[in-house]
>>> print(open('my_file.txt').read())   # compact mmCIF, C-alpha atoms
# COMPACT_ATOMS: atom_id res chain seq x y z
CA MET A 248 3.02 5.61 -60.62
CA ASN A 249 3.58 3.55 -57.48
CA THR A 250 5.89 5.84 -55.46
CA TYR A 251 6.20 3.29 -52.64
CA GLU A 252 7.56 0.70 -55.05
CA LYS A 253 9.76 3.31 -56.73
CA ASP A 254 11.30 4.44 -53.42
CA LYS A 255 11.82 0.85 -52.31
CA LEU A 256 13.55 -0.12 -55.54
CA LEU A 257 15.75 3.00 -55.50
CA LYS A 258 16.84 2.29 -51.90
CA LYS A 259 17.75 -1.26 -52.92
CA ILE A 260 19.79 0.08 -55.86
CA GLN A 261 21.56 2.59 -53.59
CA GLU A 262 22.44 -0.18 -51.13
CA GLU A 263 23.70 -2.64 -53.74
CA ASP A 264 25.49 0.07 -55.75
CA PHE A 265 27.25 1.21 -52.57
CA SER A 266 28.42 -2.29 -51.73
CA LEU A 267 29.61 -2.67 -55.34
CA TYR A 268 31.50 0.62 -55.10
CA GLU A 269 33.06 -0.38 -51.80
CA THR A 270 34.23 -3.60 -53.46
CA VAL A 271 35.69 -1.60 -56.36
CA LEU A 272 37.79 0.52 -53.97
CA TYR A 273 39.03 -2.65 -52.28
CA LEU A 274 39.84 -4.30 -55.62
CA ASP A 275 41.83 -1.25 -56.74
CA THR A 276 44.40 -2.03 -54.06
CA HIS A 277 43.85 -5.83 -54.05
CA PRO A 278 43.48 -6.71 -57.75
CA ASN A 279 44.14 -10.44 -57.23
CA ASN A 280 41.75 -11.09 -54.36
CA SER A 281 39.52 -13.91 -55.62
CA ALA A 282 36.86 -13.57 -52.91
CA ALA A 283 36.46 -9.85 -53.69
CA LEU A 284 36.34 -10.63 -57.43
CA ALA A 285 33.60 -13.21 -56.91
CA PHE A 286 31.60 -10.77 -54.78
CA TYR A 287 32.10 -8.07 -57.43
CA LYS A 288 30.75 -10.37 -60.16
CA GLN A 289 27.67 -11.30 -58.17
CA ARG A 290 26.94 -7.68 -57.11
CA LYS A 291 27.47 -6.22 -60.56
CA GLU A 292 24.92 -8.60 -62.08
CA SER A 293 22.41 -7.95 -59.35
CA VAL A 294 22.82 -4.14 -59.64
CA ALA A 295 22.42 -4.35 -63.43
CA SER A 296 19.18 -6.29 -63.13
CA LEU A 297 17.76 -3.92 -60.48
CA LYS A 298 18.63 -0.90 -62.63
CA ARG A 299 17.04 -2.50 -65.68
CA GLU A 300 13.81 -3.04 -63.73
CA TYR A 301 13.84 0.51 -62.30
CA GLN A 302 14.44 2.15 -65.68
CA GLN A 303 11.65 0.20 -67.38
CA LYS A 304 9.18 1.15 -64.65
CA PHE A 305 10.22 4.61 -63.48
CA GLY A 306 12.55 6.26 -65.99
CA PRO A 307 16.24 6.66 -66.71
CA LEU A 308 19.03 6.53 -64.10
CA THR A 309 21.67 7.45 -66.69
CA ILE A 310 21.57 8.92 -70.20
CA TYR A 311 21.61 5.34 -71.54
CA GLY A 312 18.42 4.34 -69.73
CA ASN A 313 15.56 6.22 -71.41
CA GLU A 314 13.26 3.31 -72.36
CA ASP A 315 10.30 5.50 -73.38
CA CYS A 316 10.20 6.01 -77.17
CA SER A 317 7.77 8.93 -77.00
CA HIS A 318 9.45 11.21 -74.44
CA TRP A 319 12.92 12.08 -73.11
CA ASN A 320 12.14 11.37 -69.45
CA TRP A 321 15.68 12.37 -68.46
CA VAL A 322 14.43 15.95 -67.99
CA ASN A 323 11.48 15.00 -65.73
CA LYS A 324 11.23 16.06 -62.12
CA PRO A 325 12.21 15.22 -59.42
CA TRP A 326 16.00 15.61 -59.68
CA PRO A 327 18.12 13.56 -57.26
CA TRP A 328 18.70 16.50 -54.88
CA GLU A 329 14.97 17.10 -54.35
CA LYS A 330 13.21 15.73 -51.28
CA GLU A 331 10.66 13.97 -53.50
CA ALA A 332 13.45 11.83 -54.97
CA ASN A 333 14.72 10.65 -51.59
CA MET B 30 26.28 10.51 -58.49
CA TRP B 31 28.83 10.04 -61.24
CA ILE B 32 30.44 7.03 -62.92
CA TYR B 33 33.81 7.20 -64.70
CA ASP B 34 34.05 6.02 -68.32
CA ARG B 35 37.53 4.74 -69.02
CA LYS B 36 37.94 6.42 -72.42
CA LEU B 37 38.58 9.92 -73.74
CA GLN B 38 35.65 11.59 -75.49
CA TYR B 39 37.93 12.13 -78.50
CA PRO B 40 41.40 10.63 -79.06
CA VAL B 41 44.61 12.48 -78.13
CA LYS B 42 47.84 11.14 -79.69
CA ILE B 43 50.74 13.60 -79.79
CA LYS B 44 54.06 12.40 -81.24
CA ASN B 45 56.29 15.34 -80.28
CA PRO B 46 56.45 16.81 -76.75
CA ASN B 47 56.43 20.62 -76.71
CA ALA B 48 56.73 22.61 -73.49
CA THR B 49 55.80 25.91 -75.18
CA TYR B 50 52.44 24.51 -76.29
CA ALA B 51 51.79 23.03 -72.83
CA LYS B 52 52.45 26.43 -71.28
CA ILE B 53 49.59 28.05 -73.23
CA ILE B 54 47.13 25.14 -73.46
CA ILE B 55 47.12 24.78 -69.66
CA SER B 56 44.82 27.83 -69.62
CA GLN B 57 41.98 25.59 -70.79
CA LEU B 58 42.58 23.44 -67.69
CA GLY B 59 42.67 26.08 -64.94
CA GLY B 60 42.16 29.44 -66.65
CA PRO B 61 39.18 31.82 -66.47
CA ASP B 62 37.43 30.26 -69.50
CA GLY B 63 38.79 26.74 -69.03
CA GLU B 64 37.04 23.41 -68.80
CA LEU B 65 37.21 23.15 -64.99
CA ALA B 66 35.46 26.52 -64.60
CA ALA B 67 32.90 25.47 -67.22
CA SER B 68 32.02 22.22 -65.46
CA MET B 69 31.79 23.82 -62.01
CA ARG B 70 29.68 26.68 -63.38
CA TYR B 71 27.05 24.45 -65.03
CA LEU B 72 26.84 21.75 -62.39
CA HIS B 73 26.35 24.31 -59.60
CA GLN B 74 23.81 26.41 -61.49
CA ARG B 75 21.46 23.41 -61.73
CA TYR B 76 19.92 23.73 -58.26
CA SER B 77 18.25 27.07 -58.93
CA MET B 78 16.92 26.14 -62.39
CA PRO B 79 13.14 25.81 -62.46
CA TYR B 80 12.73 23.94 -65.79
CA GLY B 81 13.66 20.30 -66.45
CA GLU B 82 15.06 20.90 -69.93
CA VAL B 83 17.48 23.49 -68.51
CA VAL B 84 18.55 21.26 -65.59
CA GLY B 85 19.06 18.48 -68.15
CA ILE B 86 21.31 20.51 -70.45
CA LEU B 87 23.33 21.88 -67.49
CA THR B 88 23.81 18.35 -66.14
CA ASP B 89 24.90 16.93 -69.47
CA VAL B 90 27.07 19.84 -70.62
CA GLY B 91 28.60 20.09 -67.13
CA THR B 92 29.44 16.38 -67.33
CA GLU B 93 30.86 16.71 -70.85
CA GLU B 94 33.11 19.55 -69.61
CA LEU B 95 34.69 17.07 -67.16
CA ALA B 96 35.49 14.88 -70.17
CA HIS B 97 37.05 17.94 -71.84
CA LEU B 98 39.07 18.65 -68.69
CA GLU B 99 40.45 15.13 -69.04
CA MET B 100 41.25 15.67 -72.76
CA ILE B 101 43.17 18.88 -71.95
CA ALA B 102 45.03 17.01 -69.19
CA ALA B 103 45.86 14.24 -71.70
CA ILE B 104 47.19 16.85 -74.16
CA LEU B 105 49.34 18.41 -71.39
CA TYR B 106 50.53 14.99 -70.23
CA GLN B 107 51.65 14.00 -73.74
CA LEU B 108 53.17 17.43 -74.48
CA THR B 109 55.35 17.32 -71.34
CA LYS B 110 56.28 13.60 -71.38
CA GLY B 111 60.06 13.07 -71.57
CA LEU B 112 61.13 16.73 -71.70
CA SER B 113 64.68 17.56 -70.58
CA PRO B 114 65.37 20.30 -67.99
CA GLU B 115 66.92 22.34 -70.85
CA GLU B 116 63.74 22.14 -72.94
CA ILE B 117 61.64 23.08 -69.91
CA LYS B 118 63.87 26.10 -69.25
CA ARG B 119 63.90 27.21 -72.88
CA ALA B 120 60.07 27.22 -72.99
CA GLY B 121 59.81 29.11 -69.70
CA LEU B 122 58.01 26.18 -68.09
CA ASP B 123 60.63 26.15 -65.30
CA THR B 124 58.47 28.35 -63.04
CA TYR B 125 55.74 25.68 -63.23
CA PHE B 126 58.17 22.76 -63.01
CA VAL B 127 59.69 23.95 -59.73
CA ASP B 128 56.32 23.62 -57.94
CA HIS B 129 54.59 20.81 -59.85
CA THR B 130 57.33 18.83 -61.71
CA SER B 131 55.40 17.12 -64.54
CA GLY B 132 52.17 16.88 -62.54
CA ILE B 133 48.99 18.34 -64.02
CA TYR B 134 47.85 21.28 -61.88
CA PRO B 135 45.06 23.65 -62.98
CA ILE B 136 46.45 27.13 -63.57
CA ALA B 137 45.95 29.83 -66.20
CA ALA B 138 48.68 30.41 -68.81
CA SER B 139 49.68 33.48 -66.78
CA GLY B 140 50.47 31.20 -63.79
CA VAL B 141 47.44 32.17 -61.68
CA PRO B 142 45.99 29.03 -60.03
CA PHE B 143 42.39 28.02 -60.74
CA ASP B 144 39.90 30.21 -58.90
CA MET B 145 36.18 29.69 -58.28
CA LYS B 146 35.86 33.43 -58.97
CA TYR B 147 35.74 32.35 -62.63
CA VAL B 148 32.42 30.64 -61.91
CA GLY B 149 29.16 32.57 -61.86
CA VAL B 150 26.09 31.26 -60.02
CA LYS B 151 23.57 34.06 -59.66
CA GLY B 152 20.53 31.92 -58.82
CA ASP B 153 18.56 33.57 -61.62
CA ILE B 154 17.79 31.70 -64.83
CA ILE B 155 18.19 34.69 -67.21
CA ALA B 156 21.44 35.88 -65.60
CA ASP B 157 22.94 32.38 -65.37
CA LEU B 158 22.08 31.29 -68.92
CA ASN B 159 23.50 34.55 -70.30
CA GLU B 160 26.66 33.86 -68.29
CA ASP B 161 26.81 30.40 -69.89
CA LEU B 162 26.34 31.74 -73.43
CA ALA B 163 29.20 34.21 -72.83
CA ALA B 164 31.36 31.50 -71.24
CA GLU B 165 31.04 29.23 -74.29
CA GLN B 166 32.02 32.10 -76.60
CA LYS B 167 35.00 33.04 -74.39
CA ALA B 168 36.19 29.41 -74.42
CA ARG B 169 35.76 29.37 -78.22
CA VAL B 170 37.99 32.48 -78.49
CA THR B 171 40.64 30.86 -76.27
CA TYR B 172 40.66 27.81 -78.58
CA ASP B 173 40.88 30.14 -81.61
CA ASN B 174 43.90 31.80 -79.98
CA ILE B 175 45.51 28.43 -79.22
CA LEU B 176 45.01 27.47 -82.89
CA ARG B 177 46.78 30.71 -83.90
CA LEU B 178 49.80 29.73 -81.78
CA VAL B 179 50.04 25.97 -82.42
CA ASP B 180 51.21 24.38 -85.70
CA ASP B 181 51.40 20.66 -84.79
CA PRO B 182 48.41 18.85 -86.39
CA ASP B 183 48.46 16.21 -83.58
CA VAL B 184 47.66 19.01 -81.11
CA ARG B 185 45.40 21.06 -83.40
CA ASP B 186 43.07 18.12 -84.09
CA PRO B 187 41.70 17.59 -80.52
CA ILE B 188 41.79 21.38 -79.94
CA LYS B 189 39.58 21.86 -83.04
CA TYR B 190 37.19 19.23 -81.71
CA LEU B 191 36.97 21.04 -78.35
CA ARG B 192 36.42 24.39 -80.12
CA GLN B 193 33.52 22.86 -82.06
CA ARG B 194 31.91 21.61 -78.86
CA GLU B 195 31.84 25.20 -77.53
CA LEU B 196 29.69 26.15 -80.51
CA VAL B 197 27.30 23.25 -79.94
CA HIS B 198 26.99 24.10 -76.24
CA TYR B 199 26.32 27.73 -77.17
CA GLN B 200 23.47 26.57 -79.42
CA ARG B 201 21.96 24.39 -76.69
CA PHE B 202 22.20 27.17 -74.07
CA GLY B 203 20.43 29.38 -76.62
CA ASP B 204 17.63 26.77 -76.76
CA ALA B 205 17.57 26.72 -72.95
CA LEU B 206 17.20 30.51 -72.77
CA ARG B 207 14.32 30.37 -75.27
CA ILE B 208 12.60 27.64 -73.18
CA ALA B 209 13.10 29.79 -70.06
CA GLN B 210 11.61 32.87 -71.73
CA ASP B 211 8.64 30.84 -73.05
CA ASN B 212 7.89 29.88 -69.43
CA LEU B 213 8.31 33.37 -67.98
CA ASP B 214 5.91 36.34 -68.08
CA CYS B 215 6.06 37.37 -71.76
CA LYS B 216 5.41 41.03 -70.87
CA ASN B 217 8.24 41.13 -68.32
CA PHE B 218 10.82 38.32 -68.06
CA TYR B 219 12.11 39.91 -64.86
CA ALA B 220 8.76 40.10 -63.04
CA ILE B 221 9.67 37.12 -60.84
CA ASN B 222 12.59 34.78 -60.22
CA PRO B 223 10.84 31.39 -60.48
CA SER B 224 13.47 29.70 -58.30
CA PHE B 225 12.78 32.11 -55.44
CA ASP B 226 9.49 34.04 -55.71
CA LYS B 227 6.28 32.07 -55.27
>>> encode(input="my_file.txt", output="structure tokens")
Amino acid sequence: MNTYEKDKLLKKIQEEDFSLYETVLYLDTHPNNSAALAFYKQRKESVASLKREYQQKFGPLTIYGNEDCSHWNWVNKPWPWEKEAN
Amino acid sequence: MWIYDRKLQYPVKIKNPNATYAKIIISQLGGPDGELAASMRYLHQRYSMPYGEVVGILTDVGTEELAHLEMIAAILYQLTKGLSPEEIKRAGLDTYFVDHTSGIYPIAASGVPFDMKYVGVKGDIIADLNEDLAAEQKARVTYDNILRLVDDPDVRDPIKYLRQRELVHYQRFGDALRIAQDNLDCKNFYAINPSFDK
């Protein structure tokens, strides 16, 4: 497994997911803001595609993302709190 | 990190408010064997678990317990919606009402607020999994007791579902303990603590 590529992709997901989450908090108190809604739409699609790529290559990010038919990779190390995962 | 799913794990639809039921069911929110204690117990035990299968089951059961916490809160919300001060007084819920109105605050049925003392994290796989097996059984007994005190089928139905989940979790923690023992020294399970000794 290419750990450099894995780390790079995970960082990208963390960045984009964070900006999506930040937008969500803003939208909660500004539900009619069209600029925020447009940004949300664009970010959500980009995060979904990055996560799809990550899960196919490196294993599940959520319980819905185990793409391997021969093993439940959900229980593989490292867990998110381990240094190796960061 | 966590993501919120905007649905209950199992539906809660209670036609008739009932302060007396709310007063006892609140124990599964903030009581010693309640869902908040369960979730906190499992999610915090994960860090000292040496085997992936055990970390997996603690993560997923600990997450499901948060969904159960929400179901109990939904039951309490529907049971206390639209009650009159007289009904609250008659049920003895006035001592809760004075501090929390109709807010949902985690306490035991006795009135004691939620306490992390209900949560055991020993940092030892055998001790912690035995704690979890006991916790699931204690929660099952609490649900059995609630079912002895509650007649309304609208309330009994989600409570029965939650009781059944305790049994399933007990089974899975049993599997986890077997996996742990298969990985430990078969002559002496206590020879080392794999999360600490090298």
>>> closest_residue(input="my_file.txt", among="A:Thr276, A:Gln303, A:Asn323, A:Ser281", to="chain B", atoms="only C-alpha atoms")
A:Asn323
>>> residues_around(input="my_file.txt", residues="Ile310 (chain A)", least_positions_apart="5", cutoff="12 Å", atoms="all atoms listed in the file", output="MDAnalysis selection string")
(chainID A and resid 302 319:322) or (chainID B and resid 31:32 85:86 88:89 92)
>>> residues_around(input="my_file.txt", residues="Asp34 (chain B)", least_positions_apart="3", cutoff="12 Å", atoms="all atoms listed in the file", output="list in words")
Trp31, Leu37, Gln38, Thr92, Glu93, Leu95, Ala96 and Glu99 of chain B
>>> write_last_selection(input="my_file.txt", atoms="C-alpha atoms", output="short mmCIF file (atom, residue, chain, number, x, y, z; two decimals), keeping the file's coordinate frame")
data_model
loop_
_atom_site.label_atom_id
_atom_site.label_comp_id
_atom_site.auth_asym_id
_atom_site.auth_seq_id
_atom_site.Cartn_x
_atom_site.Cartn_y
_atom_site.Cartn_z
CA TRP B 31 28.83 10.04 -61.24
CA LEU B 37 38.58 9.92 -73.74
CA GLN B 38 35.65 11.59 -75.49
CA THR B 92 29.44 16.38 -67.33
CA GLU B 93 30.86 16.71 -70.85
CA LEU B 95 34.69 17.07 -67.16
CA ALA B 96 35.49 14.88 -70.17
CA GLU B 99 40.45 15.13 -69.04
#
>>> atom_distance(input="my_file.txt", atom1="CA of Ala103 (chain B)", atom2="CA of Asp144 (chain B)")
21.3 Å
>>> interface_residues(input="my_file.txt", of="chain B", to="chain A", cutoff="9 Å", atoms="only C-alpha atoms", output="PDB file with C-alpha atoms, keeping the file's coordinate frame")
ATOM      1  CA  MET B  30      26.280  10.510 -58.490  1.00  0.00           C
ATOM      2  CA  TYR B  76      19.920  23.730 -58.260  1.00  0.00           C
ATOM      3  CA  TYR B  80      12.730  23.940 -65.790  1.00  0.00           C
ATOM      4  CA  GLY B  81      13.660  20.300 -66.450  1.00  0.00           C
ATOM      5  CA  GLU B  82      15.060  20.900 -69.930  1.00  0.00           C
ATOM      6  CA  VAL B  83      17.480  23.490 -68.510  1.00  0.00           C
ATOM      7  CA  VAL B  84      18.550  21.260 -65.590  1.00  0.00           C
ATOM      8  CA  GLY B  85      19.060  18.480 -68.150  1.00  0.00           C
ATOM      9  CA  ILE B  86      21.310  20.510 -70.450  1.00  0.00           C
ATOM     10  CA  ASP B  89      24.900  16.930 -69.470  1.00  0.00           C
TER      11      ASP B  89
END
>>> closest_residue(input="my_file.txt", among="A:Glu331, A:Asp264, A:Glu252, A:Glu314", to="Glu292 (chain A)", atoms="all atoms listed in the file")
A:Asp264
>>> residues_around(input="my_file.txt", residues="Ala66 (chain B)", least_positions_apart="2", cutoff="10 Å", atoms="only C-alpha atoms", output="VMD selection string")
chain B and resid 57 to 64 68 to 71 91 94 to 95 98 143 to 149 164
>>> atom_distance(input="my_file.txt", atom1="CA of Pro46 (chain B)", atom2="CA of Leu112 (chain B)")
6.9 Å
>>> atom_distance(input="my_file.txt", atom1="CA of Lys216 (chain B)", atom2="CA of Gln74 (chain B)")
25.3 Å
>>> closest_residue(input="my_file.txt", among="A:Tyr268, A:Leu256, A:Gln261, A:Asp315", to="Lys291 (chain A)", atoms="all atoms listed in the file")
A:Tyr268
>>> closest_residue(input="my_file.txt", among="B:Asn47, B:Asn222, B:Asn217, B:Ser56", to="Tyr172 (chain B)", atoms="only C-alpha atoms")
B:Ser56
>>> residues_around(input="my_file.txt", residues="Ile54 (chain B)", least_positions_apart="3", cutoff="8 Å", atoms="all atoms listed in the file", output="list of chain:residue names")
B:Tyr50, B:Ala51, B:Gln57, B:Leu58, B:Ile101, B:Leu105, B:Ala138, B:Ile175
>>> closest_residue(input="my_file.txt", among="B:Asp183, B:Tyr33, B:Leu176, B:Asp161", to="Gly203 (chain B)", atoms="all atoms listed in the file")
B:Asp161
>>> closest_residue(input="my_file.txt", among="B:Ile117, B:Ala67, B:Ile154, B:Leu162", to="Ser224 (chain B)", atoms="all atoms listed in the file")
B:Ile154
